[in-house]
Amino acid sequence: MRAFAAILWKDLLVEWRGRDRLAAMGVFALLVVTVLFFAAPPGPLPSQREHLPGLLWVAVVFASVLGLNRSFALELENDALSALALAPVDRGWVFLGKAMASLVVLLVVQALTSLVFALFFDVDLASVAGRYALVAFLGALGLSSIGTLFAAMAVRTSYREVMLPLLLLPLLLPVVLGAVRATAGLLDGEGLLFEPLQLLLVSDGVYLIISFLGFEYVLDE
Amino acid sequence: MSDGAGEPAIRARALEKRFGPVTALHPLDLDVAPGATLAVLGPNGAGKSTLLRMLAGLARPTSGELRVAGDGDGRAARRRRVGLIGHATFLVPALTARENLRFAARLHGLADAEARAEHWLAELDLEGAADRRSGTFSRGMAQRLSIARALITEPALLLLDEPFTGLDPDAAERLASRLADADRRSGATTLLVTHDLARAAQLADQALVLARGRSHGLDEACLADATVLTGAYHDAVSALQGPRG
């Protein structure tokens, strides 16, 4: 637990001082929202609005991939990644520290993105804020957990910027599917739907366990 | 290479590392006595860093047996007993010197991280720069902080991977003196990977030459001085590399 807390503290402190990951992810997400706004302007018809939850999550997923890449690229400086690998603990705790730090950063970016998205696309997220926050949290948890595992795998490869999305995006399908459907249910006034929530919970749980156990081997040379 | 007294601090039997079709380290037998300093010498690509990283628990051997400081209870436990100083400093540039040391101590699960950090800042004359971010440090200062970072966990086995790289001769001399001093006081077993034969003769009491992943132990007499060691080293490298086509 001490190693987990130490890594979480370190990553958040470094992010607070530099804010480079937060800035890059935030600006990127806002650009994606802007591009989507001009590419698919929202209209009053239901058929023109049914794709909005998908667009929101596209912006979040792309921003998260950018942030996850950056999270481990920082550890390459001075070979700090080896220092993490040298921690005399089950490396699952190293994973958890990195993943939770990424989760915090992603949640901040998500809040900002959701706010701007709601303004641009005239979406009423305020009336479902509490339930949307739960869906956003579960979605971000899934992105951060499996994303941290694959970011650690990709970071030592020559084409890490390309490698991470190639490896990660197919695996994010259950998380994105659950998050989009749950968000759509909220925006359509159907409330928090059980099936997408179940999909999110199960995929989060599976990804957390796989990543916790698999990290021991990922940090090996 | 052991003096035979008690259990060796490092014991390797048929230790081998391959990366796909490339053999980085051919089967190696090695015993290093507790408290001894072993110099690992060899040209680039000889397998020195591979050996070091297996000892540190950063890389898994492809085959063979490896025991460090009498372990046998897993690689996580071994990492607790090992301190690594390399040409990379392992420092987080955005953290201050003090924060880097506290982070290292907490990462190793040590409860008294603050006290240890203050002790090692004083020990390596870094008190004046304690609140400066390590990213602003000169190479020499960063290397001193890197030493403090490795020693804060009081390792039983100290692994030094070309720690003098990039230092000017004065800084290298001061670093060698600090390492020898720390080594003397802690009684740690030390493994020094270096290209600097004079430094190896100065610090080591055992030597191993690696070339193309193959190894050859040198007699203790070869460490008498740099000239003797240089001759023995070149003979060993020639023998290990074989005739060049």
# chains A, B, ... in the order shown; residues from 1 in each chain; ligands from 1
$ closest_atom_pairs --of "chain B" --to "chain A" --cutoff "9 Å" --atoms "only C-alpha atoms" --output "tab-separated table"
residue	atom	partner	partner_atom	distance
B:Arg53	CA	A:Glu221	CA	8.6
B:Ala56	CA	A:Leu86	CA	7.3
B:Gly57	CA	A:Leu86	CA	7.0
B:Leu58	CA	A:Asp220	CA	5.6
B:Ala59	CA	A:Glu221	CA	4.7
B:Arg60	CA	A:Asp220	CA	6.9
B:Arg75	CA	A:Pro88	CA	7.9
B:Ala76	CA	A:Pro88	CA	4.5
B:Ala77	CA	A:Pro88	CA	6.0
B:Arg78	CA	A:Pro88	CA	7.3
B:Arg79	CA	A:Pro88	CA	4.9
B:Arg80	CA	A:Pro88	CA	4.8
B:Arg81	CA	A:Pro88	CA	8.5
B:Val82	CA	A:Leu86	CA	8.5
B:Gly83	CA	A:Leu86	CA	8.7
B:Leu84	CA	A:Leu86	CA	8.7
B:His87	CA	A:Asn78	CA	8.7
B:Ala88	CA	A:Asn78	CA	5.0
B:Thr89	CA	A:Asn78	CA	5.4
B:Phe90	CA	A:Ala80	CA	4.3
B:Leu91	CA	A:Ala80	CA	6.0
B:Val92	CA	A:Ala80	CA	6.5
B:Pro93	CA	A:Glu77	CA	8.1
B:Ala94	CA	A:Val14	CA	5.8
B:Leu95	CA	A:Val14	CA	7.0
B:Glu99	CA	A:Lys10	CA	8.7
B:Arg102	CA	A:Ala6	CA	8.9
B:Phe103	CA	A:Ala6	CA	6.1
B:Ala104	CA	A:Ala83	CA	8.2
B:Arg106	CA	A:Ala6	CA	5.9
B:Leu107	CA	A:Ala3	CA	4.4
B:His108	CA	A:Ala87	CA	5.7
B:Gly109	CA	A:Arg2	CA	5.4
B:Leu110	CA	A:Arg2	CA	8.2
B:Ala111	CA	A:Arg2	CA	8.8
$ select_by_dssp --residues "segment 3-220 of chain B" --states "alpha helix (DSSP H)" --output "ChimeraX atom specification"
/B:48-56,75-81,97-107,113-123,139-151,169-186,197-203
$ atom_distance --atom1 "atom CA of Pro163 of chain B" --atom2 "atom CA of Ile10 of chain B"
20.6 Å
$ residues_around --residues "segment 171-183 of chain B" --least-positions-apart "4" --cutoff "8 Å" --atoms "only C-alpha atoms" --output "list in words"
Gly140, Arg144, Phe164, Leu167, Gly187, Ala188, Thr189, Thr190, Arg199 and Leu203 of chain B
$ write_last_selection --atoms "N, CA and C atoms" --output "PDB file, in the first residue's frame"
ATOM      1  N   GLY B 140      26.971  16.031 -11.948  1.00  0.00           N
ATOM      2  CA  GLY B 140      27.626  15.584 -10.720  1.00  0.00           C
ATOM      3  C   GLY B 140      26.667  15.563  -9.537  1.00  0.00           C
ATOM      4  N   ARG B 144      25.206  12.400  -7.340  1.00  0.00           N
ATOM      5  CA  ARG B 144      25.265  12.293  -5.871  1.00  0.00           C
ATOM      6  C   ARG B 144      23.882  11.967  -5.312  1.00  0.00           C
ATOM      7  N   PHE B 164      30.395   6.371 -13.418  1.00  0.00           N
ATOM      8  CA  PHE B 164      31.290   7.513 -13.660  1.00  0.00           C
ATOM      9  C   PHE B 164      31.088   8.141 -15.041  1.00  0.00           C
ATOM     10  N   LEU B 167      31.006  12.143 -16.038  1.00  0.00           N
ATOM     11  CA  LEU B 167      31.558  12.990 -14.975  1.00  0.00           C
ATOM     12  C   LEU B 167      32.965  13.445 -15.353  1.00  0.00           C
ATOM     13  N   GLY B 187      29.183  -2.204   4.604  1.00  0.00           N
ATOM     14  CA  GLY B 187      29.570  -3.615   4.462  1.00  0.00           C
ATOM     15  C   GLY B 187      28.827  -4.315   3.346  1.00  0.00           C
ATOM     16  N   ALA B 188      28.257  -3.533   2.433  1.00  0.00           N
ATOM     17  CA  ALA B 188      27.480  -4.117   1.344  1.00  0.00           C
ATOM     18  C   ALA B 188      28.389  -4.815   0.337  1.00  0.00           C
ATOM     19  N   THR B 189      27.853  -5.806  -0.313  1.00  0.00           N
ATOM     20  CA  THR B 189      28.549  -6.426  -1.440  1.00  0.00           C
ATOM     21  C   THR B 189      28.313  -5.510  -2.643  1.00  0.00           C
ATOM     22  N   THR B 190      29.368  -5.290  -3.425  1.00  0.00           N
ATOM     23  CA  THR B 190      29.241  -4.332  -4.526  1.00  0.00           C
ATOM     24  C   THR B 190      29.633  -4.979  -5.841  1.00  0.00           C
ATOM     25  N   ARG B 199      39.919   2.657 -12.310  1.00  0.00           N
ATOM     26  CA  ARG B 199      38.934   2.747 -11.229  1.00  0.00           C
ATOM     27  C   ARG B 199      38.625   1.348 -10.686  1.00  0.00           C
ATOM     28  N   LEU B 203      38.984   0.126  -6.791  1.00  0.00           N
ATOM     29  CA  LEU B 203      37.835  -0.175  -5.930  1.00  0.00           C
ATOM     30  C   LEU B 203      37.578  -1.664  -5.706  1.00  0.00           C
TER      31      LEU B 203
END
$ select_by_dssp --residues "segment 17-221 of chain B" --states "strand (DSSP E)" --output "PyMOL selection string"
chain B and resi 17-19+22-32+37-41+63-68+82-85+157-161+189-193+206-211+214-218
$ write_last_selection --atoms "C-alpha atoms" --output "compact mmCIF listing (two decimals), in the first residue's frame"
# COMPACT_ATOMS: atom_id res chain seq x y z
CA LYS B 17 19.93 -14.67 -20.87
CA ARG B 18 18.71 -14.74 -24.45
CA PHE B 19 16.75 -12.11 -26.33
CA VAL B 22 20.58 -13.47 -29.55
CA THR B 23 22.40 -14.80 -26.49
CA ALA B 24 23.25 -11.79 -24.35
CA LEU B 25 24.83 -13.89 -21.61
CA HIS B 26 26.10 -17.43 -22.06
CA PRO B 27 25.77 -19.79 -19.05
CA LEU B 28 27.67 -18.16 -16.20
CA ASP B 29 28.77 -19.56 -12.84
CA LEU B 30 29.58 -16.91 -10.27
CA ASP B 31 30.09 -16.67 -6.51
CA VAL B 32 30.73 -13.34 -4.83
CA THR B 37 33.54 -5.67 -4.56
CA LEU B 38 33.40 -7.37 -7.94
CA ALA B 39 34.38 -5.41 -11.04
CA VAL B 40 32.59 -6.53 -14.20
CA LEU B 41 34.64 -5.47 -17.20
CA SER B 63 17.64 -20.30 -17.63
CA GLY B 64 19.90 -21.11 -14.71
CA GLU B 65 19.87 -20.38 -11.01
CA LEU B 66 20.46 -17.04 -9.32
CA ARG B 67 20.49 -16.32 -5.61
CA VAL B 68 21.23 -12.90 -4.19
CA VAL B 82 19.41 -4.34 -3.93
CA GLY B 83 20.46 -0.77 -4.64
CA LEU B 84 21.17 0.23 -8.24
CA ILE B 85 23.22 3.19 -9.40
CA LEU B 157 23.95 -5.58 -2.58
CA LEU B 158 24.99 -2.42 -4.40
CA LEU B 159 24.96 -2.57 -8.20
CA LEU B 160 26.91 0.15 -9.99
CA ASP B 161 26.39 0.39 -13.74
CA THR B 189 28.55 -6.43 -1.44
CA THR B 190 29.24 -4.33 -4.53
CA LEU B 191 29.18 -5.13 -8.21
CA LEU B 192 30.79 -2.46 -10.35
CA VAL B 193 30.30 -2.44 -14.11
CA GLN B 206 37.50 -9.43 -7.58
CA ALA B 207 37.11 -9.05 -11.34
CA LEU B 208 35.13 -10.73 -14.08
CA VAL B 209 35.62 -10.05 -17.78
CA LEU B 210 32.72 -10.44 -20.19
CA ALA B 211 32.93 -10.38 -23.98
CA ARG B 214 31.06 -15.15 -22.39
CA SER B 215 32.87 -14.76 -19.07
CA HIS B 216 36.34 -15.14 -17.61
CA GLY B 217 37.28 -14.57 -13.96
CA LEU B 218 40.56 -12.77 -13.26
$ closest_residue --among "A:Ser158, A:Leu164, A:Phe194, A:Tyr207" --to "Leu143 of chain A" --atoms "only C-alpha atoms"
A:Tyr207
$ residues_around --residues "Ala73 of chain A" --least-positions-apart "2" --cutoff "10 Å" --atoms "only C-alpha atoms" --output "PyMOL selection string"
chain A and resi 67-71+75-77+80-81+151-152+154-156+160-161
$ atom_distance --atom1 "atom CA of Arg149 of chain B" --atom2 "atom CA of Arg184 of chain B"
17.8 Å
$ closest_residue --among "B:Ile152, B:Gly213, B:Arg132, B:Gln202" --to "Glu114 of chain B" --atoms "only C-alpha atoms"
B:Ile152
$ closest_residue --among "A:Ser127, A:Ser102, A:Gln110, A:Ser64" --to "Leu187 of chain A" --atoms "only C-alpha atoms"
A:Ser127
$ residues_around --residues "segment 41-58 of chain A" --least-positions-apart "2" --cutoff "6 Å" --atoms "only C-alpha atoms" --output "JSON, numbers by chain"
{"A": [37, 38, 60, 61, 121, 180, 183, 184]}
